[in-house]
$ cat protein.cif   # mmCIF, C-alpha atoms
data_model
loop_
_atom_site.label_atom_id
_atom_site.label_comp_id
_atom_site.auth_asym_id
_atom_site.auth_seq_id
_atom_site.Cartn_x
_atom_site.Cartn_y
_atom_site.Cartn_z
CA MET A 1 -46.02 37.14 22.38
CA ASP A 2 -45.73 39.23 19.26
CA ASP A 3 -43.58 42.24 20.22
CA GLU A 4 -46.27 44.81 19.47
CA GLN A 5 -48.93 42.90 21.40
CA GLU A 6 -46.61 42.53 24.38
CA VAL A 7 -45.81 46.26 24.39
CA GLN A 8 -49.50 47.16 24.23
CA LEU A 9 -50.55 44.71 26.94
CA ASN A 10 -47.78 45.88 29.27
CA LYS A 11 -48.85 49.45 28.66
CA LEU A 12 -52.46 48.55 29.44
CA GLU A 13 -51.49 46.86 32.71
CA ASP A 14 -49.43 49.91 33.71
CA LEU A 15 -52.36 52.20 32.90
CA VAL A 16 -54.71 50.07 35.00
CA ASP A 17 -52.33 50.28 37.97
CA ARG A 18 -51.97 54.02 37.54
CA PHE A 19 -55.72 54.52 37.16
CA LYS A 20 -56.39 52.71 40.47
CA VAL A 21 -53.75 54.80 42.28
CA CYS A 22 -55.05 58.08 40.85
CA PHE A 23 -58.63 57.21 41.72
CA ARG A 24 -57.63 56.50 45.33
CA LEU A 25 -55.79 59.81 45.46
CA LEU A 26 -58.88 61.58 44.12
CA GLY A 27 -60.98 60.05 46.94
CA LYS A 28 -58.33 60.94 49.53
CA GLU A 29 -58.28 64.55 48.36
CA GLU A 30 -62.06 64.76 48.65
CA ASP A 31 -62.01 63.28 52.14
CA GLU A 32 -59.10 65.26 53.57
CA ASN A 33 -58.67 68.63 51.82
CA ASN A 34 -61.37 68.90 49.18
CA ASN A 35 -59.27 71.31 47.10
CA GLU A 36 -61.29 71.93 43.94
CA ASP A 37 -58.25 72.60 41.74
CA ILE A 38 -56.54 69.36 42.78
CA ILE A 39 -59.77 67.41 42.40
CA ALA A 40 -60.21 68.84 38.87
CA ALA A 41 -56.62 67.89 38.04
CA TRP A 42 -57.13 64.29 39.20
CA LYS A 43 -60.37 64.06 37.18
CA LEU A 44 -58.54 65.30 34.07
CA ILE A 45 -55.79 62.71 34.56
CA LEU A 46 -58.36 59.93 35.07
CA ARG A 47 -60.36 61.03 32.03
CA ASN A 48 -57.24 60.92 29.84
CA ASP A 49 -56.33 57.49 31.20
CA VAL A 50 -59.81 56.17 30.40
CA ARG A 51 -59.42 57.27 26.78
CA LYS A 52 -55.99 55.61 26.57
CA ILE A 53 -57.32 52.38 28.09
CA PHE A 54 -60.22 52.41 25.61
CA ASP A 55 -57.89 52.87 22.63
CA LEU A 56 -55.47 50.18 23.81
CA LEU A 57 -58.27 47.65 24.33
CA ASN A 58 -59.63 48.30 20.84
CA SER A 59 -56.18 47.81 19.35
CA LEU A 60 -55.48 44.66 21.38
CA LYS A 61 -58.85 43.23 20.44
CA ILE A 62 -57.89 43.26 16.75
CA GLU A 63 -54.28 42.21 17.35
CA ILE A 64 -55.22 39.20 19.45
CA ALA A 65 -58.19 38.13 17.34
CA TRP A 66 -55.98 37.93 14.23
CA SER A 67 -52.95 36.39 15.91
CA LEU A 68 -51.93 32.75 16.27
CA LEU A 69 -50.54 33.39 19.74
CA ASP A 70 -52.13 32.77 23.14
CA ASP A 71 -54.99 35.20 23.76
CA LYS A 72 -53.82 35.88 27.35
CA LYS A 73 -57.15 35.28 29.07
CA GLU A 74 -55.41 35.00 32.44
CA ARG A 75 -53.92 38.46 32.18
CA PHE A 76 -57.26 39.92 31.14
CA TYR A 77 -58.91 38.21 34.12
CA LYS A 78 -56.47 40.04 36.41
CA ILE A 79 -57.18 43.33 34.59
CA LYS A 80 -60.93 42.70 34.92
CA THR A 81 -60.83 42.00 38.66
CA GLU A 82 -58.67 45.06 39.35
CA LEU A 83 -60.18 47.57 36.94
CA GLU A 84 -63.91 46.85 36.86
CA PRO A 85 -64.74 47.84 40.50
CA THR A 86 -62.71 51.03 40.16
CA LEU A 87 -64.35 51.95 36.86
CA THR A 88 -67.81 51.29 38.30
CA SER A 89 -67.11 53.73 41.14
CA TYR A 90 -65.51 56.22 38.78
CA LYS A 91 -68.63 56.46 36.59
CA GLY A 92 -70.32 58.56 39.26
CA TYR A 93 -67.86 61.40 38.57
CA GLU A 94 -68.55 61.63 34.83
CA GLY A 95 -71.25 62.64 32.40
CA GLU A 96 -73.08 60.49 29.84
CA GLU A 97 -70.30 60.44 27.19
CA MET A 98 -67.56 59.24 29.54
CA ARG A 99 -69.93 56.81 31.28
CA LYS A 100 -70.63 55.19 27.91
CA MET A 101 -66.88 54.83 27.27
CA VAL A 102 -66.40 53.32 30.73
CA ASN A 103 -69.19 50.80 30.04
CA ASP A 104 -67.55 49.91 26.72
CA ILE A 105 -64.23 49.35 28.52
CA ILE A 106 -65.89 47.04 31.07
CA LEU A 107 -67.46 45.04 28.23
CA MET A 108 -64.16 44.80 26.34
CA VAL A 109 -62.24 43.69 29.43
CA ASP A 110 -64.85 40.99 29.98
CA GLU A 111 -64.55 40.03 26.32
CA GLY A 112 -60.77 39.77 26.72
CA PHE A 113 -61.24 37.52 29.75
CA HIS A 114 -63.38 35.16 27.63
CA GLY A 115 -61.05 35.47 24.65
CA PHE A 116 -61.31 38.25 22.07
CA ARG A 117 -61.24 35.79 19.18
CA GLN A 118 -64.56 34.29 20.36
CA SER A 119 -66.32 37.35 18.93
CA PHE A 120 -64.79 36.73 15.52
CA ILE A 121 -65.22 32.97 15.17
CA ASN A 122 -67.47 31.88 12.31
CA ASP A 123 -67.37 29.14 9.65
CA THR A 124 -64.30 30.62 7.94
CA TYR A 125 -62.47 32.24 10.87
CA TYR A 126 -59.63 29.71 11.13
CA GLU A 127 -58.95 29.81 7.38
CA ASP A 128 -59.18 33.62 7.35
CA LEU A 129 -56.80 33.84 10.31
CA PHE A 130 -54.23 31.62 8.62
CA SER A 131 -54.58 33.57 5.37
CA LYS A 132 -53.97 36.92 7.12
CA VAL A 133 -50.92 35.65 8.99
CA LEU A 134 -49.49 33.93 5.91
CA ASP A 135 -50.08 36.96 3.67
CA LYS A 136 -48.20 39.18 6.10
CA TYR A 137 -45.36 36.66 6.35
CA ARG A 138 -45.21 36.34 2.56
CA LYS A 139 -44.90 40.10 2.05
CA GLU A 140 -41.96 40.17 4.45
CA ASN A 141 -40.19 37.00 3.23
CA GLU A 142 -41.17 36.23 -0.37
CA GLU A 143 -38.13 37.86 -1.95
CA ARG A 144 -35.78 35.87 0.30
CA LEU A 145 -37.57 32.55 -0.32
CA GLU A 146 -37.70 33.12 -4.10
CA LEU A 147 -33.95 33.75 -4.09
CA ILE A 148 -33.38 30.52 -2.16
CA TYR A 149 -35.58 28.66 -4.65
CA MET A 150 -33.58 29.97 -7.61
CA GLN A 151 -30.27 29.13 -5.93
CA ASP A 152 -31.45 25.61 -5.15
CA SER A 153 -32.78 25.23 -8.71
CA GLN A 154 -29.43 26.15 -10.22
CA GLU A 155 -27.60 23.66 -8.04
CA GLU A 156 -30.06 20.82 -8.56
CA ALA A 157 -30.21 21.48 -12.32
CA LEU A 158 -26.75 19.95 -12.38
CA ILE A 159 -28.42 16.71 -11.23
CA TYR A 160 -31.83 17.05 -12.93
CA PRO A 161 -31.35 18.74 -16.32
CA ASP A 162 -34.99 18.15 -17.27
CA ALA A 163 -36.89 21.26 -16.11
CA THR A 164 -40.10 19.42 -15.20
CA GLN A 165 -38.26 16.75 -13.21
CA LEU A 166 -36.25 19.46 -11.48
CA LYS A 167 -39.31 21.42 -10.35
CA ASN A 168 -41.18 18.29 -9.24
CA THR A 169 -38.15 17.15 -7.26
CA ILE A 170 -37.93 20.47 -5.43
CA VAL A 171 -41.64 20.27 -4.55
CA VAL A 172 -41.13 16.83 -2.99
CA GLU A 173 -38.05 18.04 -1.09
CA ARG A 174 -39.90 21.10 0.23
CA ALA A 175 -42.85 18.91 1.27
CA ASN A 176 -40.59 16.56 3.22
CA ILE A 177 -38.98 19.50 5.01
CA LEU A 178 -42.40 20.99 5.83
CA PHE A 179 -43.83 17.75 7.20
CA GLY A 180 -40.74 17.22 9.34
CA CYS A 181 -41.15 20.34 11.50
CA ARG A 182 -43.21 20.53 14.70
CA PHE A 183 -46.47 21.92 13.30
CA GLY A 184 -45.83 20.45 9.85
CA GLN A 185 -46.16 16.92 11.25
CA VAL A 186 -49.57 17.77 12.73
CA PHE A 187 -50.59 19.45 9.46
CA HIS A 188 -49.65 16.31 7.49
CA ASN A 189 -51.27 13.87 9.92
CA ASN A 190 -54.55 15.78 9.81
CA GLY A 191 -54.87 15.62 6.04
CA ARG A 192 -53.23 19.01 5.43
CA ASN A 193 -56.35 20.68 6.79
CA ILE A 194 -55.76 24.40 7.45
CA LYS A 195 -58.64 24.68 9.91
CA LEU A 196 -57.33 21.81 12.03
CA ILE A 197 -53.71 23.03 12.15
CA VAL A 198 -54.83 26.55 13.14
CA ALA A 199 -57.05 25.15 15.89
CA TYR A 200 -54.15 22.98 17.07
CA ILE A 201 -51.72 25.92 17.20
CA LEU A 202 -54.20 28.03 19.17
CA GLU A 203 -54.69 25.17 21.64
CA GLN A 204 -50.94 25.16 22.33
CA LYS A 205 -51.13 28.70 23.75
CA GLU A 206 -47.93 29.71 21.96
CA GLN A 207 -46.17 32.63 23.63
CA THR A 208 -43.78 33.37 20.73
CA TYR A 209 -43.83 32.97 16.96
CA ASN A 210 -40.66 30.82 16.83
CA ASP A 211 -42.29 27.50 15.91
CA ILE A 212 -45.11 29.23 14.05
CA TYR A 213 -42.68 31.13 11.81
CA ASP A 214 -40.71 27.92 11.27
CA PHE A 215 -43.92 26.29 10.01
CA LEU A 216 -44.91 29.32 7.90
CA ASP A 217 -41.45 29.53 6.34
CA LYS A 218 -41.50 25.88 5.28
CA TYR A 219 -45.16 26.06 4.22
CA LEU A 220 -44.50 29.11 2.05
CA SER A 221 -41.37 27.52 0.55
CA TYR A 222 -43.53 24.52 -0.38
CA GLN A 223 -46.19 26.78 -1.91
CA ILE A 224 -43.60 28.71 -3.94
CA ALA A 225 -42.18 25.44 -5.29
CA LYS A 226 -45.67 24.33 -6.36
CA GLU A 227 -46.29 27.70 -8.02
CA HIS A 228 -43.10 27.30 -10.05
CA CYS A 229 -44.39 23.92 -11.25
CA GLN A 230 -47.40 25.67 -12.74
CA LYS A 231 -45.29 28.14 -14.72
CA LYS A 232 -44.93 27.16 -18.37
CA VAL A 233 -41.46 28.50 -18.98
CA GLU A 234 -38.86 29.25 -16.37
CA ALA A 235 -35.14 29.84 -16.73
CA VAL A 236 -33.05 27.76 -14.37
CA PHE A 237 -29.87 29.80 -14.88
CA LYS A 238 -29.99 33.57 -14.92
CA ASN A 239 -28.55 34.99 -18.13
CA ILE A 240 -25.82 37.40 -17.12
CA ALA A 241 -23.31 37.37 -19.97
CA PHE A 242 -24.86 35.85 -23.11
CA LYS A 243 -26.97 37.28 -25.91
CA GLU A 244 -30.73 36.98 -25.67
CA ASN A 245 -31.14 34.07 -28.11
CA VAL A 246 -28.57 31.80 -26.42
CA ASP A 247 -30.22 28.87 -24.60
CA VAL A 248 -28.34 29.57 -21.37
CA ASP A 249 -29.86 26.63 -19.49
CA LYS A 250 -28.65 24.16 -22.12
CA LEU A 251 -25.25 25.84 -22.40
CA MET A 252 -24.59 25.88 -18.66
CA LEU A 253 -25.60 22.25 -18.29
CA LYS A 254 -23.13 21.33 -21.03
CA LEU A 255 -20.39 23.25 -19.22
CA LYS A 256 -21.29 21.19 -16.15
CA ASP A 257 -20.73 18.02 -18.22
CA LEU A 258 -17.37 19.37 -19.40
CA ILE A 259 -16.33 19.92 -15.80
CA GLU A 260 -17.35 16.40 -14.86
CA ASP A 261 -15.44 14.78 -17.73
CA ASN A 262 -12.38 16.92 -16.84
CA THR A 263 -12.32 18.80 -20.12
CA LEU A 264 -12.42 21.88 -17.91
CA SER A 265 -10.34 20.89 -14.92
CA ALA A 266 -8.49 24.08 -13.90
CA GLN A 267 -9.75 27.56 -13.14
CA LYS A 268 -7.61 29.04 -15.92
CA HIS A 269 -9.52 26.87 -18.42
CA TRP A 270 -12.43 29.29 -18.12
CA PHE A 271 -10.34 31.77 -20.10
CA ILE A 272 -10.37 29.30 -23.00
CA ALA A 273 -14.17 29.11 -22.83
CA TYR A 274 -14.28 32.89 -22.73
CA LYS A 275 -12.13 33.11 -25.86
CA VAL A 276 -14.36 30.62 -27.70
CA PHE A 277 -17.61 32.41 -26.81
CA SER A 278 -16.06 35.78 -27.63
CA ARG A 279 -14.94 34.64 -31.08
CA LYS A 280 -18.38 33.19 -31.76
CA ASN A 281 -19.85 36.54 -30.73
CA TRP A 282 -22.22 34.94 -28.22
CA LEU A 283 -21.50 37.39 -25.39
CA LYS A 284 -23.48 40.57 -24.76
CA LYS A 285 -20.26 42.49 -24.12
CA SER A 286 -16.59 41.67 -24.41
CA THR A 287 -15.99 42.51 -20.74
CA GLN A 288 -14.67 39.54 -18.80
CA ARG A 289 -16.49 40.52 -15.59
CA LEU A 290 -19.93 39.47 -16.88
CA PHE A 291 -18.59 36.12 -18.06
CA ILE A 292 -16.91 35.49 -14.70
CA ASP A 293 -20.17 36.30 -12.89
CA GLN A 294 -22.07 33.97 -15.21
CA ILE A 295 -19.76 31.05 -14.47
CA ASN A 296 -19.67 31.65 -10.72
CA SER A 297 -23.47 31.86 -10.53
CA ALA A 298 -23.47 28.11 -11.17
CA PHE A 299 -19.99 26.71 -10.52
CA SER A 300 -18.44 28.82 -7.75
CA THR A 301 -18.18 25.78 -5.47
CA ARG A 302 -17.07 23.35 -8.18
CA LEU A 303 -14.66 25.22 -10.44
CA ARG A 304 -14.47 28.91 -9.61
CA CYS A 305 -13.76 31.55 -12.23
CA SER A 306 -11.80 34.65 -11.21
CA ALA A 307 -10.32 37.82 -12.67
CA TYR A 308 -7.01 36.82 -11.08
CA ASP A 309 -6.85 33.60 -13.15
CA PHE A 310 -7.61 35.57 -16.30
CA HIS A 311 -4.86 38.03 -15.43
CA GLU A 312 -2.35 35.20 -14.94
CA ILE A 313 -2.99 33.71 -18.41
CA ASP A 314 0.09 33.93 -20.66
CA GLU A 315 -0.03 36.90 -23.04
CA TYR A 316 0.35 34.50 -25.98
CA PHE A 317 -3.21 33.21 -25.43
CA LYS A 318 -4.60 36.67 -24.93
CA LYS A 319 -3.10 38.18 -28.11
CA ASN A 320 -3.73 35.28 -30.51
CA ASP A 321 -6.93 33.74 -31.75
CA TYR A 322 -7.34 30.20 -30.40
CA THR A 323 -7.50 28.84 -33.96
CA LYS A 324 -3.83 29.88 -34.35
CA TRP A 325 -2.48 28.47 -31.07
CA THR A 326 0.36 26.08 -31.89
CA LEU A 327 3.66 24.88 -30.48
CA ASP A 328 5.17 25.66 -33.87
CA ASP A 329 5.14 29.25 -32.65
CA SER A 330 8.29 29.82 -30.59
CA LYS A 331 6.36 32.15 -28.28
CA ALA A 332 3.77 29.51 -27.35
CA PRO A 333 3.92 28.11 -23.77
CA GLN A 334 4.20 24.35 -23.25
CA CYS A 335 0.54 24.14 -22.20
CA CYS A 336 -0.46 25.30 -25.68
CA VAL A 337 -1.28 21.76 -26.86
CA VAL A 338 -3.70 21.17 -23.99
CA TYR A 339 -5.26 24.62 -24.37
CA LYS A 340 -5.71 24.09 -28.12
CA GLU A 341 -7.38 20.72 -27.57
CA ILE A 342 -9.84 22.25 -25.12
CA ALA A 343 -10.55 25.20 -27.41
CA ASP A 344 -11.16 22.93 -30.41
CA LYS A 345 -13.51 20.73 -28.39
CA LEU A 346 -15.49 23.75 -27.19
CA ASP A 347 -15.53 25.25 -30.68
CA LEU A 348 -16.94 22.03 -32.12
CA GLU A 349 -19.52 21.60 -29.36
CA PHE A 350 -20.94 25.09 -29.09
CA LEU A 351 -22.66 25.60 -32.42
CA ASP A 352 -25.44 28.07 -33.12
CA VAL A 353 -27.72 25.30 -34.36
CA LYS A 354 -27.39 23.44 -31.04
CA TYR A 355 -27.49 26.28 -28.52
CA ALA A 356 -29.82 28.86 -29.99
CA LYS A 357 -33.32 29.02 -28.52
CA PRO A 358 -35.92 27.15 -30.61
CA GLY A 359 -36.71 29.05 -33.80
CA LYS A 360 -33.97 31.60 -33.13
CA VAL A 361 -30.43 32.33 -34.26
CA ILE A 362 -27.82 33.74 -31.91
CA ASN A 363 -26.28 36.15 -34.39
CA THR A 364 -28.15 37.80 -37.23
CA ARG A 365 -26.85 36.56 -40.53
CA LYS A 366 -26.34 38.91 -43.45
CA ILE A 367 -28.02 37.76 -46.64
CA GLU A 368 -25.71 38.11 -49.61
CA LYS A 369 -27.20 38.56 -53.07
CA LEU A 370 -26.01 36.27 -55.80
CA ARG A 371 -24.39 38.04 -58.71
#
$ encode --input "protein.cif" --output "structure tokens"
Amino acid sequence: MDDEQEVQLNKLEDLVDRFKVCFRLLGKEEDENNNEDIIAAWKLILRNDVRKIFDLLNSLKIEIAWSLLDDKKERFYKIKTELEPTLTSYKGYEGEEMRKMVNDIILMVDEGFHGFRQSFINDTYYEDLFSKVLDKYRKENEERLELIYMQDSQEEALIYPDATQLKNTIVVERANILFGCRFGQVFHNNGRNIKLIVAYILEQKEQTYNDIYDFLDKYLSYQIAKEHCQKKVEAVFKNIAFKENVDVDKLMLKLKDLIEDNTLSAQKHWFIAYKVFSRKNWLKKSTQRLFIDQINSAFSTRLRCSAYDFHEIDEYFKKNDYTKWTLDDSKAPQCCVVYKEIADKLDLEFLDVKYAKPGKVINTRKIEKLR
């Protein structure tokens, strides 16, 4: 059962046991000693227990009615058979107000024995029940599932660069995962009918939420993927390091191509890319940390970028502009030719006209007056 329901039901069963014992002790005191103070004390204890039982039953009624778990009719039958005769006898000790509460308890226990949800069932009950459970689960898990969606999108964008194809592909993948789980198969085979899957789950008399949460998690992941399909514009790659008008999605996908064709084949090569983007003034800040985070957000498992690699770069490349790297300089390392080739290729590829957002320019141009 749901933890809170289980705690409440255990507490109710304990109260019922205690109430029966206390009522017997009240009768024994009347028969043997008839001490008025002790009798009054037992009555006070019983009266307090009645109120607690009443409150617990009201709470359980709501909890069980709006839960997908077993409604525990068997346990309520045991409570009914043990509590009802004792309560009926106890009513003779109380006034009208307490007798009314006792009668309400007897009715609620009987209702629990027949299933609390029976009082709530109408034409929309099953859909309303699913909506309540799903809404609660979404509040608790939406942030996690959205993060997973974005992480999956970034990885699959390397395979599906077209945004629409990417989002549609993720929807299909999420659907296949959903329809492969225990309750997802039943959901699929019954025409994705919410009413039928809820009825089916209730018939299973689930004692825990394990399989239910598995279904809800996959169902919600599927819904989130469909919602993203309906969004007009959505960034695949989070912009961490670049200026606002840089088309980061397009840029990162091109970097992915450059990894695949081995233009960028070593971790230290990211320093060359950093130098190129710095000279072009495409970065928000000159700090290397943001650039490293940007690269690792997409390529940490393919070609990682690290502060250590940047630190290990020869000072020659750090102090000189890449347009001036040459082996003609006696201070240039032997890898200078390769580094210069990579830098020139990146410089030629990453042009404002190709990688600015539509209708935008990456850097504001100064207009010079003709003299």
$ closest_residue --input "protein.cif" --among "A:Asn320, A:Gln154, A:Thr86, A:Gln8" --to "A:Lys340" --atoms "all atoms listed in the file"
A:Asn320
$ closest_residue --input "protein.cif" --among "A:Asp55, A:Asp214, A:Asp261, A:Glu6" --to "A:Asp70" --atoms "all atoms listed in the file"
A:Glu6
$ residues_around --input "protein.cif" --residues "A:Phe130" --least-positions-apart "5" --cutoff "9 Å" --atoms "only C-alpha atoms" --output "list in words"
Trp66, Ser67, Leu68, Tyr125, Asp135, Ile194, Lys195 and Val198 of chain A
$ residues_around --input "protein.cif" --residues "A:Asp247" --least-positions-apart "3" --cutoff "6 Å" --atoms "all atoms listed in the file" --output "MDAnalysis selection string"
chainID A and resid 250 355:357
$ atom_distance --input "protein.cif" --atom1 "atom CA of A:Lys256" --atom2 "atom CA of A:Ile159"
9.8 Å
$ resolve_selection --input "protein.cif" --expression "the PyMOL selection byres ((chain A and resi 47) around 10)" --output "ChimeraX atom specification"
/A:19,41-46,48-53,90,93-94,98,102
$ closest_residue --input "protein.cif" --among "A:Val21, A:Leu15, A:Val7, A:Ile272" --to "A:Cys336" --atoms "all atoms listed in the file"
A:Ile272
$ atom_distance --input "protein.cif" --atom1 "atom CA of A:Leu158" --atom2 "atom CA of A:Ser221"
20.9 Å
$ closest_residue --input "protein.cif" --among "A:Leu351, A:Met101, A:Asp128, A:Asp249" --to "A:Tyr160" --atoms "only C-alpha atoms"
A:Asp249
$ resolve_selection --input "protein.cif" --expression "the PyMOL selection byres ((chain A and resi 113) around 8)" --output "PyMOL selection string"
chain A and resi 72-77+80+109-112+114-116
$ closest_residue --input "protein.cif" --among "A:Gly359, A:Gly95, A:Cys181, A:Gln334" --to "A:Asn210" --atoms "only C-alpha atoms"
A:Cys181
$ closest_residue --input "protein.cif" --among "A:Val186, A:Leu107, A:Ile64, A:Ala298" --to "A:Glu4" --atoms "all atoms listed in the file"
A:Ile64
$ residues_around --input "protein.cif" --residues "A:Ser286" --least-positions-apart "5" --cutoff "10 Å" --atoms "all atoms listed in the file" --output "number ranges by chain"
A: 241, 274-275, 277-279, 281, 291
$ atom_distance --input "protein.cif" --atom1 "atom CA of A:Ile342" --atom2 "atom CA of A:Thr263"
6.6 Å
$ resolve_selection --input "protein.cif" --expression "the PyMOL selection byres ((chain A and resi 326) around 12)" --output "count of residues only"
24
$ residues_around --input "protein.cif" --residues "A:Arg289" --least-positions-apart "6" --cutoff "12 Å" --atoms "all atoms listed in the file" --output "list of chain:residue names"
A:Ile240, A:Ala241, A:Phe271, A:Tyr274, A:Leu283, A:Ile295, A:Asn296, A:Cys305, A:Ser306, A:Ala307, A:Tyr308, A:Phe310, A:His311
$ axis_aligned_box --input "protein.cif" --around "stretch 321-334 of chain A" --padding-each-side "3 Å" --output "JSON"
{"center_x": 0.4, "center_y": 29.0, "center_z": -28.8, "size_x": 21.8, "size_y": 15.4, "size_z": 17.1}
$ build_atoms --input "protein.cif" --residues "stretch 280-303 of chain A" --atoms "N, CA and C atoms" --output "mmCIF file, in the frame of the given file"
data_model
loop_
_atom_site.group_PDB
_atom_site.id
_atom_site.type_symbol
_atom_site.label_atom_id
_atom_site.label_comp_id
_atom_site.auth_asym_id
_atom_site.auth_seq_id
_atom_site.Cartn_x
_atom_site.Cartn_y
_atom_site.Cartn_z
ATOM 1 N N LYS A 280 -17.095 33.530 -31.166
ATOM 2 C CA LYS A 280 -18.380 33.190 -31.760
ATOM 3 C C LYS A 280 -19.382 34.342 -31.671
ATOM 4 N N ASN A 281 -19.003 35.368 -30.896
ATOM 5 C CA ASN A 281 -19.850 36.540 -30.730
ATOM 6 C C ASN A 281 -21.159 36.195 -30.015
ATOM 7 N N TRP A 282 -21.054 35.331 -29.003
ATOM 8 C CA TRP A 282 -22.220 34.940 -28.220
ATOM 9 C C TRP A 282 -22.406 35.790 -26.968
ATOM 10 N N LEU A 283 -21.435 36.600 -26.625
ATOM 11 C CA LEU A 283 -21.500 37.390 -25.390
ATOM 12 C C LEU A 283 -22.128 38.751 -25.637
ATOM 13 N N LYS A 284 -22.861 39.240 -24.643
ATOM 14 C CA LYS A 284 -23.480 40.570 -24.760
ATOM 15 C C LYS A 284 -22.406 41.633 -24.937
ATOM 16 N N LYS A 285 -21.368 41.534 -24.098
ATOM 17 C CA LYS A 285 -20.260 42.490 -24.120
ATOM 18 C C LYS A 285 -18.956 41.711 -24.037
ATOM 19 N N SER A 286 -17.889 42.346 -24.436
ATOM 20 C CA SER A 286 -16.590 41.670 -24.410
ATOM 21 C C SER A 286 -15.942 41.706 -23.026
ATOM 22 N N THR A 287 -16.573 42.409 -22.084
ATOM 23 C CA THR A 287 -15.990 42.510 -20.740
ATOM 24 C C THR A 287 -15.966 41.146 -20.055
ATOM 25 N N GLN A 288 -14.840 40.833 -19.437
ATOM 26 C CA GLN A 288 -14.670 39.540 -18.800
ATOM 27 C C GLN A 288 -15.496 39.422 -17.511
ATOM 28 N N ARG A 289 -15.799 40.541 -16.878
ATOM 29 C CA ARG A 289 -16.490 40.520 -15.590
ATOM 30 C C ARG A 289 -17.845 39.814 -15.682
ATOM 31 N N LEU A 290 -18.615 40.103 -16.725
ATOM 32 C CA LEU A 290 -19.930 39.470 -16.880
ATOM 33 C C LEU A 290 -19.792 37.970 -17.057
ATOM 34 N N PHE A 291 -18.812 37.550 -17.845
ATOM 35 C CA PHE A 291 -18.590 36.120 -18.060
ATOM 36 C C PHE A 291 -18.202 35.434 -16.758
ATOM 37 N N ILE A 292 -17.340 36.053 -15.988
ATOM 38 C CA ILE A 292 -16.910 35.490 -14.700
ATOM 39 C C ILE A 292 -18.115 35.346 -13.764
ATOM 40 N N ASP A 293 -18.967 36.376 -13.729
ATOM 41 C CA ASP A 293 -20.170 36.300 -12.890
ATOM 42 C C ASP A 293 -21.103 35.194 -13.350
ATOM 43 N N GLN A 294 -21.219 35.019 -14.668
ATOM 44 C CA GLN A 294 -22.070 33.970 -15.210
ATOM 45 C C GLN A 294 -21.609 32.591 -14.757
ATOM 46 N N ILE A 295 -20.317 32.347 -14.857
ATOM 47 C CA ILE A 295 -19.760 31.050 -14.470
ATOM 48 C C ILE A 295 -19.914 30.818 -12.973
ATOM 49 N N ASN A 296 -19.610 31.820 -12.171
ATOM 50 C CA ASN A 296 -19.670 31.650 -10.720
ATOM 51 C C ASN A 296 -21.096 31.529 -10.197
ATOM 52 N N SER A 297 -22.075 32.010 -10.958
ATOM 53 C CA SER A 297 -23.470 31.860 -10.530
ATOM 54 C C SER A 297 -23.862 30.390 -10.445
ATOM 55 N N ALA A 298 -23.145 29.534 -11.178
ATOM 56 C CA ALA A 298 -23.470 28.110 -11.170
ATOM 57 C C ALA A 298 -22.361 27.224 -10.628
ATOM 58 N N PHE A 299 -21.095 27.632 -10.809
ATOM 59 C CA PHE A 299 -19.990 26.710 -10.520
ATOM 60 C C PHE A 299 -18.991 27.242 -9.489
ATOM 61 N N SER A 300 -19.397 28.211 -8.686
ATOM 62 C CA SER A 300 -18.440 28.820 -7.750
ATOM 63 C C SER A 300 -17.888 27.816 -6.744
ATOM 64 N N THR A 301 -18.666 26.770 -6.442
ATOM 65 C CA THR A 301 -18.180 25.780 -5.470
ATOM 66 C C THR A 301 -17.549 24.570 -6.141
ATOM 67 N N ARG A 302 -17.615 24.516 -7.473
ATOM 68 C CA ARG A 302 -17.070 23.350 -8.180
ATOM 69 C C ARG A 302 -15.780 23.697 -8.924
ATOM 70 N N LEU A 303 -15.843 24.775 -9.707
ATOM 71 C CA LEU A 303 -14.660 25.220 -10.440
ATOM 72 C C LEU A 303 -14.788 26.731 -10.624
#
